[in-house]
>>> print(open('final.pdb').read())   # PDB, C-alpha atoms, pLDDT in the B column
ATOM      1  CA  ALA A   1      33.581 -24.512   4.663  1.00 83.00           C
ATOM      2  CA  ILE A   2      33.836 -22.363   1.540  1.00 93.00           C
ATOM      3  CA  VAL A   3      30.946 -20.126   0.473  1.00 96.00           C
ATOM      4  CA  PHE A   4      30.239 -18.942  -3.066  1.00 96.00           C
ATOM      5  CA  ASN A   5      27.742 -16.234  -3.975  1.00 96.00           C
ATOM      6  CA  GLN A   6      24.908 -16.715  -6.469  1.00 93.00           C
ATOM      7  CA  ASP A   7      26.993 -15.107  -9.233  1.00 93.00           C
ATOM      8  CA  GLY A   8      29.781 -17.641  -8.676  1.00 94.00           C
ATOM      9  CA  THR A   9      32.183 -15.302  -6.863  1.00 96.00           C
ATOM     10  CA  LEU A  10      33.831 -16.317  -3.607  1.00 97.00           C
ATOM     11  CA  ASN A  11      32.003 -14.718  -0.690  1.00 96.00           C
ATOM     12  CA  SER A  12      34.076 -12.101   1.125  1.00 95.00           C
ATOM     13  CA  ALA A  13      33.784  -8.648   2.666  1.00 93.00           C
ATOM     14  CA  ALA A  14      34.408  -7.206  -0.805  1.00 94.00           C
ATOM     15  CA  LYS A  15      31.938  -9.626  -2.426  1.00 95.00           C
ATOM     16  CA  SER A  16      29.073 -10.003   0.025  1.00 95.00           C
ATOM     17  CA  ALA A  17      25.774 -11.801  -0.594  1.00 94.00           C
ATOM     18  CA  ALA A  18      22.314 -10.243  -0.636  1.00 90.00           C
ATOM     19  CA  PRO A  19      19.362 -11.455   1.415  1.00 90.00           C
ATOM     20  CA  GLY A  20      17.147 -13.590  -0.782  1.00 88.00           C
ATOM     21  CA  SER A  21      20.062 -14.809  -2.915  1.00 91.00           C
ATOM     22  CA  ILE A  22      21.247 -18.416  -3.123  1.00 94.00           C
ATOM     23  CA  VAL A  23      24.716 -19.272  -1.837  1.00 97.00           C
ATOM     24  CA  THR A  24      26.652 -22.509  -2.315  1.00 97.00           C
ATOM     25  CA  LEU A  25      28.479 -24.063   0.623  1.00 96.00           C
ATOM     26  CA  PHE A  26      31.236 -26.656   0.188  1.00 94.00           C
ATOM     27  CA  LEU A  27      32.132 -28.700   3.269  1.00 92.00           C
ATOM     28  CA  THR A  28      32.938 -32.239   4.362  1.00 88.00           C
ATOM     29  CA  GLY A  29      31.135 -34.808   6.482  1.00 83.00           C
ATOM     30  CA  ALA A  30      27.977 -35.459   4.481  1.00 76.00           C
ATOM     31  CA  GLY A  31      27.842 -39.088   5.640  1.00 82.00           C
ATOM     32  CA  ALA A  32      25.775 -41.620   3.754  1.00 84.00           C
ATOM     33  CA  VAL A  33      24.241 -40.481   0.470  1.00 88.00           C
ATOM     34  CA  SER A  34      22.033 -41.954  -2.205  1.00 89.00           C
ATOM     35  CA  ASN A  35      23.661 -43.116  -5.451  1.00 86.00           C
ATOM     36  CA  ALA A  36      27.026 -43.205  -3.693  1.00 85.00           C
ATOM     37  CA  PRO A  37      30.014 -43.248  -6.066  1.00 84.00           C
ATOM     38  CA  ALA A  38      32.816 -45.763  -5.849  1.00 84.00           C
ATOM     39  CA  ASP A  39      35.558 -44.981  -3.353  1.00 82.00           C
ATOM     40  CA  GLY A  40      37.932 -42.389  -4.727  1.00 79.00           C
ATOM     41  CA  SER A  41      35.543 -41.340  -7.511  1.00 84.00           C
ATOM     42  CA  ALA A  42      33.617 -38.130  -8.008  1.00 81.00           C
ATOM     43  CA  PRO A  43      29.839 -38.597  -8.165  1.00 82.00           C
ATOM     44  CA  SER A  44      27.903 -38.049 -11.372  1.00 80.00           C
ATOM     45  CA  ALA A  45      25.568 -35.082 -11.695  1.00 78.00           C
ATOM     46  CA  THR A  46      22.692 -37.354 -12.752  1.00 84.00           C
ATOM     47  CA  PRO A  47      21.475 -39.050 -10.709  1.00 85.00           C
ATOM     48  CA  ALA A  48      22.719 -36.856  -7.870  1.00 88.00           C
ATOM     49  CA  SER A  49      24.204 -38.282  -4.692  1.00 91.00           C
ATOM     50  CA  LEU A  50      21.883 -36.705  -2.099  1.00 93.00           C
ATOM     51  CA  THR A  51      21.842 -36.743   1.686  1.00 93.00           C
ATOM     52  CA  PRO A  52      18.870 -38.807   2.946  1.00 91.00           C
ATOM     53  CA  ASP A  53      17.583 -35.870   4.983  1.00 93.00           C
ATOM     54  CA  THR A  54      17.620 -32.135   4.316  1.00 95.00           C
ATOM     55  CA  PRO A  55      19.964 -30.265   6.663  1.00 95.00           C
ATOM     56  CA  THR A  56      19.049 -27.112   8.534  1.00 96.00           C
ATOM     57  CA  VAL A  57      21.187 -24.125   7.577  1.00 97.00           C
ATOM     58  CA  THR A  58      21.049 -20.953   9.667  1.00 97.00           C
ATOM     59  CA  PHE A  59      22.573 -17.567   8.888  1.00 97.00           C
ATOM     60  CA  GLY A  60      23.171 -15.624  12.072  1.00 96.00           C
ATOM     61  CA  GLY A  61      20.608 -17.863  13.772  1.00 96.00           C
ATOM     62  CA  VAL A  62      17.935 -17.388  11.089  1.00 96.00           C
ATOM     63  CA  ALA A  63      17.022 -20.466   9.060  1.00 97.00           C
ATOM     64  CA  GLY A  64      17.481 -20.370   5.308  1.00 96.00           C
ATOM     65  CA  THR A  65      15.838 -22.546   2.650  1.00 97.00           C
ATOM     66  CA  VAL A  66      17.884 -25.479   1.344  1.00 97.00           C
ATOM     67  CA  GLN A  67      17.529 -26.298  -2.365  1.00 97.00           C
ATOM     68  CA  PHE A  68      20.215 -28.985  -2.632  1.00 96.00           C
ATOM     69  CA  SER A  69      22.240 -31.145  -0.257  1.00 95.00           C
ATOM     70  CA  GLY A  70      24.526 -33.838  -1.604  1.00 93.00           C
ATOM     71  CA  LEU A  71      27.941 -34.631  -3.007  1.00 93.00           C
ATOM     72  CA  SER A  72      29.366 -32.125  -5.473  1.00 92.00           C
ATOM     73  CA  SER A  73      30.002 -33.571  -8.927  1.00 88.00           C
ATOM     74  CA  CYS A  74      33.147 -31.441  -9.192  1.00 86.00           C
ATOM     75  CA  CYS A  75      35.237 -33.275  -6.628  1.00 86.00           C
ATOM     76  CA  VAL A  76      35.703 -36.416  -4.568  1.00 86.00           C
ATOM     77  CA  GLY A  77      33.887 -36.481  -1.223  1.00 84.00           C
ATOM     78  CA  LEU A  78      32.903 -32.792  -1.175  1.00 90.00           C
ATOM     79  CA  TRP A  79      29.503 -31.970   0.340  1.00 93.00           C
ATOM     80  CA  GLN A  80      27.591 -29.223  -1.467  1.00 95.00           C
ATOM     81  CA  ILE A  81      24.634 -27.300  -0.028  1.00 96.00           C
ATOM     82  CA  ASN A  82      22.690 -24.661  -1.953  1.00 97.00           C
ATOM     83  CA  ALA A  83      20.663 -22.448   0.370  1.00 97.00           C
ATOM     84  CA  THR A  84      18.794 -19.146   0.223  1.00 96.00           C
ATOM     85  CA  ILE A  85      19.830 -16.450   2.675  1.00 95.00           C
ATOM     86  CA  PRO A  86      16.655 -15.506   4.578  1.00 91.00           C
ATOM     87  CA  VAL A  87      15.359 -11.954   4.462  1.00 85.00           C
ATOM     88  CA  GLY A  88      15.624 -11.645   8.237  1.00 86.00           C
ATOM     89  CA  ALA A  89      19.296 -12.642   8.416  1.00 93.00           C
ATOM     90  CA  PRO A  90      21.554 -10.048  10.064  1.00 93.00           C
ATOM     91  CA  ALA A  91      23.940  -8.041   7.902  1.00 93.00           C
ATOM     92  CA  GLY A  92      27.698  -7.914   8.408  1.00 95.00           C
ATOM     93  CA  ASN A  93      31.022  -9.415   7.368  1.00 95.00           C
ATOM     94  CA  THR A  94      31.233 -12.203   9.973  1.00 96.00           C
ATOM     95  CA  ILE A  95      27.753 -13.717  10.114  1.00 97.00           C
ATOM     96  CA  PRO A  96      28.005 -17.326  11.382  1.00 97.00           C
ATOM     97  CA  ILE A  97      26.590 -20.220   9.353  1.00 96.00           C
ATOM     98  CA  GLN A  98      25.419 -23.339  11.180  1.00 96.00           C
ATOM     99  CA  VAL A  99      24.660 -26.593   9.333  1.00 95.00           C
ATOM    100  CA  THR A 100      22.776 -29.303  11.223  1.00 94.00           C
ATOM    101  CA  LEU A 101      22.060 -32.758   9.790  1.00 93.00           C
ATOM    102  CA  ASP A 102      20.564 -35.669  11.734  1.00 89.00           C
ATOM    103  CA  GLY A 103      21.356 -33.982  15.044  1.00 89.00           C
ATOM    104  CA  ALA A 104      25.003 -33.284  14.231  1.00 90.00           C
ATOM    105  CA  SER A 105      26.087 -29.650  13.849  1.00 90.00           C
ATOM    106  CA  SER A 106      28.994 -28.249  11.884  1.00 89.00           C
ATOM    107  CA  ASN A 107      31.526 -25.719  13.022  1.00 89.00           C
ATOM    108  CA  GLN A 108      30.513 -22.134  12.258  1.00 91.00           C
ATOM    109  CA  PRO A 109      32.154 -20.607   9.188  1.00 92.00           C
ATOM    110  CA  THR A 110      31.216 -17.001   8.495  1.00 95.00           C
ATOM    111  CA  ILE A 111      29.625 -15.203   5.563  1.00 97.00           C
ATOM    112  CA  SER A 112      29.374 -11.554   4.498  1.00 97.00           C
ATOM    113  CA  ILE A 113      25.756 -10.422   3.998  1.00 96.00           C
ATOM    114  CA  ASN A 114      24.587  -7.093   2.588  1.00 91.00           C
ATOM    115  CA  PRO A 115      21.919  -5.112   4.399  1.00 87.00           C
ATOM    116  CA  PRO A 116      18.714  -4.921   2.327  1.00 81.00           C
ATOM    117  CA  SER A 117      18.585  -1.918   0.006  1.00 82.00           C
ATOM    118  CA  PRO A 118      16.456   0.872   1.549  1.00 89.00           C
ATOM    119  CA  LEU A 119      13.226   1.616  -0.286  1.00 94.00           C
ATOM    120  CA  ASP A 120      11.299   4.823  -0.903  1.00 97.00           C
ATOM    121  CA  PHE A 121       8.950   6.303  -3.495  1.00 97.00           C
ATOM    122  CA  SER A 122       7.883   9.653  -4.886  1.00 97.00           C
ATOM    123  CA  PRO A 123       6.014  11.929  -5.200  1.00 96.00           C
ATOM    124  CA  VAL A 124       4.500  12.288  -1.742  1.00 95.00           C
ATOM    125  CA  ALA A 125       2.531  15.362  -2.805  1.00 95.00           C
ATOM    126  CA  LEU A 126       0.613  15.096  -6.074  1.00 95.00           C
ATOM    127  CA  SER A 127       1.110  18.487  -7.743  1.00 90.00           C
ATOM    128  CA  ALA A 128      -1.540  18.017 -10.428  1.00 87.00           C
ATOM    129  CA  PRO A 129      -4.990  18.454  -8.841  1.00 90.00           C
ATOM    130  CA  ALA A 130      -7.872  16.168  -9.658  1.00 93.00           C
ATOM    131  CA  THR A 131     -11.514  16.999 -10.364  1.00 91.00           C
ATOM    132  CA  ALA A 132     -14.374  15.276  -8.570  1.00 92.00           C
ATOM    133  CA  GLY A 133     -16.057  12.774 -10.872  1.00 92.00           C
ATOM    134  CA  ALA A 134     -13.449  13.129 -13.636  1.00 92.00           C
ATOM    135  CA  ASN A 135     -10.747  10.647 -14.689  1.00 95.00           C
ATOM    136  CA  TYR A 136      -7.443  11.120 -12.857  1.00 96.00           C
ATOM    137  CA  GLN A 137      -4.065   9.408 -13.146  1.00 96.00           C
ATOM    138  CA  ALA A 138      -0.679   9.754 -11.440  1.00 96.00           C
ATOM    139  CA  THR A 139       2.284   7.365 -11.216  1.00 97.00           C
ATOM    140  CA  PHE A 140       4.616   6.756  -8.275  1.00 97.00           C
ATOM    141  CA  THR A 141       8.297   5.919  -8.807  1.00 97.00           C
ATOM    142  CA  THR A 142      10.390   3.762  -6.476  1.00 97.00           C
ATOM    143  CA  SER A 143      13.998   4.336  -5.473  1.00 95.00           C
ATOM    144  CA  GLY A 144      16.070   1.511  -4.022  1.00 90.00           C
ATOM    145  CA  GLY A 145      14.560  -1.783  -2.927  1.00 88.00           C
ATOM    146  CA  THR A 146      14.547  -5.134  -4.687  1.00 83.00           C
ATOM    147  CA  PRO A 147      11.861  -5.764  -7.340  1.00 87.00           C
ATOM    148  CA  PRO A 148       9.180  -6.881  -7.808  1.00 91.00           C
ATOM    149  CA  PHE A 149       7.182  -4.382  -5.769  1.00 95.00           C
ATOM    150  CA  THR A 150       3.713  -4.629  -4.228  1.00 97.00           C
ATOM    151  CA  TRP A 151       1.669  -1.421  -3.956  1.00 98.00           C
ATOM    152  CA  THR A 152      -1.168  -0.770  -1.505  1.00 97.00           C
ATOM    153  CA  LEU A 153      -3.647   2.102  -1.219  1.00 97.00           C
ATOM    154  CA  GLY A 154      -4.992   2.170   2.313  1.00 95.00           C
ATOM    155  CA  THR A 155      -8.371   3.287   3.563  1.00 91.00           C
ATOM    156  CA  GLY A 156      -9.387   6.057   5.919  1.00 88.00           C
ATOM    157  CA  SER A 157      -8.626   9.059   3.715  1.00 90.00           C
ATOM    158  CA  GLY A 158     -12.320   9.839   3.225  1.00 91.00           C
ATOM    159  CA  LEU A 159     -11.889   9.667  -0.553  1.00 94.00           C
ATOM    160  CA  THR A 160     -13.156   6.824  -2.718  1.00 94.00           C
ATOM    161  CA  GLY A 161     -13.102   6.131  -6.435  1.00 95.00           C
ATOM    162  CA  LEU A 162      -9.318   5.714  -6.799  1.00 96.00           C
ATOM    163  CA  SER A 163      -7.256   2.531  -7.078  1.00 96.00           C
ATOM    164  CA  LEU A 164      -3.541   1.733  -7.179  1.00 97.00           C
ATOM    165  CA  SER A 165      -2.221  -0.680  -9.797  1.00 97.00           C
ATOM    166  CA  ALA A 166       0.557  -3.256  -9.455  1.00 95.00           C
ATOM    167  CA  THR A 167       2.896  -0.849 -11.266  1.00 95.00           C
ATOM    168  CA  GLY A 168       2.236   2.064  -8.901  1.00 97.00           C
ATOM    169  CA  THR A 169      -0.287   4.002 -11.012  1.00 97.00           C
ATOM    170  CA  LEU A 170      -3.059   5.782  -9.136  1.00 97.00           C
ATOM    171  CA  SER A 171      -6.195   6.163 -11.241  1.00 97.00           C
ATOM    172  CA  GLY A 172      -9.947   6.522 -11.139  1.00 96.00           C
ATOM    173  CA  LYS A 173     -12.619   9.170 -10.550  1.00 95.00           C
ATOM    174  CA  PRO A 174     -12.363  10.897  -7.160  1.00 95.00           C
ATOM    175  CA  SER A 175     -15.686  10.829  -5.347  1.00 94.00           C
ATOM    176  CA  ALA A 176     -15.531  14.232  -3.636  1.00 93.00           C
ATOM    177  CA  ALA A 177     -13.803  17.601  -3.622  1.00 93.00           C
ATOM    178  CA  GLY A 178     -11.351  18.664  -0.919  1.00 94.00           C
ATOM    179  CA  SER A 179      -7.807  18.124   0.343  1.00 95.00           C
ATOM    180  CA  PHE A 180      -6.970  14.511   1.147  1.00 96.00           C
ATOM    181  CA  SER A 181      -4.093  12.441   2.531  1.00 96.00           C
ATOM    182  CA  LEU A 182      -3.896   9.072   0.826  1.00 96.00           C
ATOM    183  CA  PRO A 183      -2.140   6.255   2.736  1.00 97.00           C
ATOM    184  CA  VAL A 184       0.158   4.715   0.107  1.00 97.00           C
ATOM    185  CA  SER A 185       2.693   1.971   0.779  1.00 97.00           C
ATOM    186  CA  VAL A 186       5.034  -0.218  -1.257  1.00 97.00           C
ATOM    187  CA  LYS A 187       6.870  -3.433  -0.318  1.00 95.00           C
ATOM    188  CA  ASP A 188       9.706  -5.115  -2.190  1.00 90.00           C
ATOM    189  CA  SER A 189      10.484  -8.802  -2.699  1.00 84.00           C
ATOM    190  CA  LEU A 190      12.617  -8.903   0.458  1.00 80.00           C
ATOM    191  CA  GLY A 191       9.903  -7.425   2.660  1.00 82.00           C
ATOM    192  CA  VAL A 192      11.403  -3.921   2.872  1.00 87.00           C
ATOM    193  CA  SER A 193       8.597  -1.339   2.820  1.00 93.00           C
ATOM    194  CA  ALA A 194       7.970   2.395   2.604  1.00 96.00           C
ATOM    195  CA  SER A 195       4.806   4.334   3.466  1.00 97.00           C
ATOM    196  CA  HIS A 196       3.704   7.938   3.028  1.00 97.00           C
ATOM    197  CA  SER A 197       0.536   9.984   3.426  1.00 97.00           C
ATOM    198  CA  VAL A 198       0.297  11.362  -0.102  1.00 97.00           C
ATOM    199  CA  SER A 199      -1.487  14.700  -0.407  1.00 96.00           C
ATOM    200  CA  LEU A 200      -4.003  15.231  -3.203  1.00 96.00           C
ATOM    201  CA  THR A 201      -6.243  18.201  -3.920  1.00 95.00           C
ATOM    202  CA  VAL A 202      -9.550  17.443  -5.619  1.00 94.00           C
ATOM    203  CA  ASN A 203     -11.387  20.383  -7.155  1.00 91.00           C
ATOM    204  CA  ALA A 204     -15.150  20.521  -7.379  1.00 89.00           C
ATOM    205  CA  ALA A 205     -16.721  19.647 -10.730  1.00 81.00           C
ATOM    206  CA  PRO A 206     -17.124  22.749 -12.931  1.00 72.00           C
ATOM    207  CA  THR A 207     -20.476  24.549 -12.911  1.00 74.00           C
ATOM    208  CA  PHE A 208     -21.718  27.622 -14.750  1.00 67.00           C
ATOM    209  CA  ALA A 209     -21.761  30.732 -12.584  1.00 65.00           C
ATOM    210  CA  THR A 210     -23.496  32.714 -15.328  1.00 60.00           C
ATOM    211  CA  ALA A 211     -27.205  32.262 -16.024  1.00 65.00           C
ATOM    212  CA  LEU A 212     -27.692  30.536 -19.360  1.00 67.00           C
ATOM    213  CA  ASN A 213     -30.471  32.896 -20.503  1.00 74.00           C
ATOM    214  CA  LEU A 214     -27.940  34.975 -22.454  1.00 76.00           C
ATOM    215  CA  PRO A 215     -28.705  38.463 -23.826  1.00 79.00           C
ATOM    216  CA  THR A 216     -30.425  38.516 -27.202  1.00 81.00           C
ATOM    217  CA  ALA A 217     -28.171  38.820 -30.253  1.00 82.00           C
ATOM    218  CA  THR A 218     -28.909  40.616 -33.515  1.00 83.00           C
ATOM    219  CA  VAL A 219     -28.359  39.049 -36.917  1.00 89.00           C
ATOM    220  CA  GLY A 220     -25.297  40.557 -38.577  1.00 87.00           C
ATOM    221  CA  ALA A 221     -24.283  42.574 -35.502  1.00 86.00           C
ATOM    222  CA  ALA A 222     -21.209  41.993 -33.343  1.00 90.00           C
ATOM    223  CA  TYR A 223     -22.059  40.116 -30.160  1.00 85.00           C
ATOM    224  CA  SER A 224     -20.142  39.528 -26.956  1.00 84.00           C
ATOM    225  CA  THR A 225     -20.988  38.248 -23.489  1.00 76.00           C
ATOM    226  CA  GLN A 226     -19.011  36.717 -20.623  1.00 77.00           C
ATOM    227  CA  ILE A 227     -19.722  33.179 -19.365  1.00 73.00           C
ATOM    228  CA  SER A 228     -18.235  32.341 -15.948  1.00 72.00           C
ATOM    229  CA  VAL A 229     -17.477  28.914 -14.581  1.00 67.00           C
ATOM    230  CA  THR A 230     -16.664  27.854 -11.021  1.00 69.00           C
ATOM    231  CA  GLY A 231     -14.859  24.701  -9.956  1.00 64.00           C
ATOM    232  CA  GLY A 232     -13.011  22.316 -12.213  1.00 60.00           C
ATOM    233  CA  THR A 233      -9.333  22.045 -12.999  1.00 67.00           C
ATOM    234  CA  LEU A 234      -7.673  24.235 -15.606  1.00 56.00           C
ATOM    235  CA  PRO A 235      -7.548  24.120 -18.539  1.00 63.00           C
ATOM    236  CA  LEU A 236     -11.286  23.524 -18.958  1.00 55.00           C
TER     237      LEU A 236
END
>>> encode(input="final.pdb", output="structure tokens")
Amino acid sequence: AIVFNQDGTLNSAAKSAAPGSIVTLFLTGAGAVSNAPADGSAPSATPASLTPDTPTVTFGGVAGTVQFSGLSSCCVGLWQINATIPVGAPAGNTIPIQVTLDGASSNQPTISINPPSPLDFSPVALSAPATAGANYQATFTTSGGTPPFTWTLGTGSGLTGLSLSATGTLSGKPSAAGSFSLPVSVKDSLGVSASHSVSLTVNAAPTFATALNLPTATVGAAYSTQISVTGGTLPL
């Protein structure tokens, strides 16, 4: 069998395939097909000459998803299978492929498969403090992984009022003051995930420390007094 990657390149150690991508296998022995062409003729693309049943294709023992199984319109008698490499397939340069159709199994050609790209995100410590009851916003940035990403803000931190958007933006009005560890996680389209306890400091809402019955002023005379505030997040 010959294996081509999704971008049309021949699969090899130098040109390996990624989990989640579609590869094209060319082999022989498809058996009976629908819309069979005349002997010695290549089949037409429409209608396709398909195998009556969908074969099982495994990559390193892990089943992939078959999108197409039938005669290739490029050549005479060549069986073409398009299949997605499963996320759980092992990585390496000699991963065996097994095709099974109607109880008959192929030999085991090999394929080169990339390991999934590692995933992480930052920051894990939010440097800008929040204020209890006031609007707050911070954005996390991913490194590595395969988009799209799914973000999750867990529970159990003791802090409510914040939510995490699909683009990794944390926002809302923190419910209380204190130091908190927020359980944040992200998962990519191949199931690779990263999790951190993200630290966030929430300051108390500002309050006046100075009594508001200020000293009496005199018309036309210079006046000065100090008003003190506690809590809040600078600048006020």
>>> closest_residue(input="final.pdb", among="A:Val186, A:Ala83, A:Ala138, A:Leu71", to="Leu27 in chain A", atoms="all atoms listed in the file")
A:Leu71
>>> closest_residue(input="final.pdb", among="A:Thr218, A:Thr152, A:Ser171, A:Ser34", to="Asp53 in chain A", atoms="all atoms listed in the file")
A:Ser34
>>> resolve_selection(input="final.pdb", expression="the PyMOL selection byres ((chain A and resi 62) around 10)", output="PyMOL selection string")
chain A and resi 57-61+63-64+85-90+97-98
>>> write_last_selection(input="final.pdb", atoms="C-alpha atoms", output="mmCIF file, in the frame of the given file")
data_model
loop_
_atom_site.group_PDB
_atom_site.id
_atom_site.type_symbol
_atom_site.label_atom_id
_atom_site.label_comp_id
_atom_site.auth_asym_id
_atom_site.auth_seq_id
_atom_site.Cartn_x
_atom_site.Cartn_y
_atom_site.Cartn_z
ATOM 1 C CA VAL A 57 21.187 -24.125 7.577
ATOM 2 C CA THR A 58 21.049 -20.953 9.667
ATOM 3 C CA PHE A 59 22.573 -17.567 8.888
ATOM 4 C CA GLY A 60 23.171 -15.624 12.072
ATOM 5 C CA GLY A 61 20.608 -17.863 13.772
ATOM 6 C CA ALA A 63 17.022 -20.466 9.060
ATOM 7 C CA GLY A 64 17.481 -20.370 5.308
ATOM 8 C CA ILE A 85 19.830 -16.450 2.675
ATOM 9 C CA PRO A 86 16.655 -15.506 4.578
ATOM 10 C CA VAL A 87 15.359 -11.954 4.462
ATOM 11 C CA GLY A 88 15.624 -11.645 8.237
ATOM 12 C CA ALA A 89 19.296 -12.642 8.416
ATOM 13 C CA PRO A 90 21.554 -10.048 10.064
ATOM 14 C CA ILE A 97 26.590 -20.220 9.353
ATOM 15 C CA GLN A 98 25.419 -23.339 11.180
#
>>> closest_residue(input="final.pdb", among="A:Thr131, A:Thr141, A:Asn5, A:Asn11", to="Pro174 in chain A", atoms="all atoms listed in the file")
A:Thr131
>>> atom_distance(input="final.pdb", atom1="CA of Gly154 in chain A", atom2="CA of Ser193 in chain A")
14.0 Å
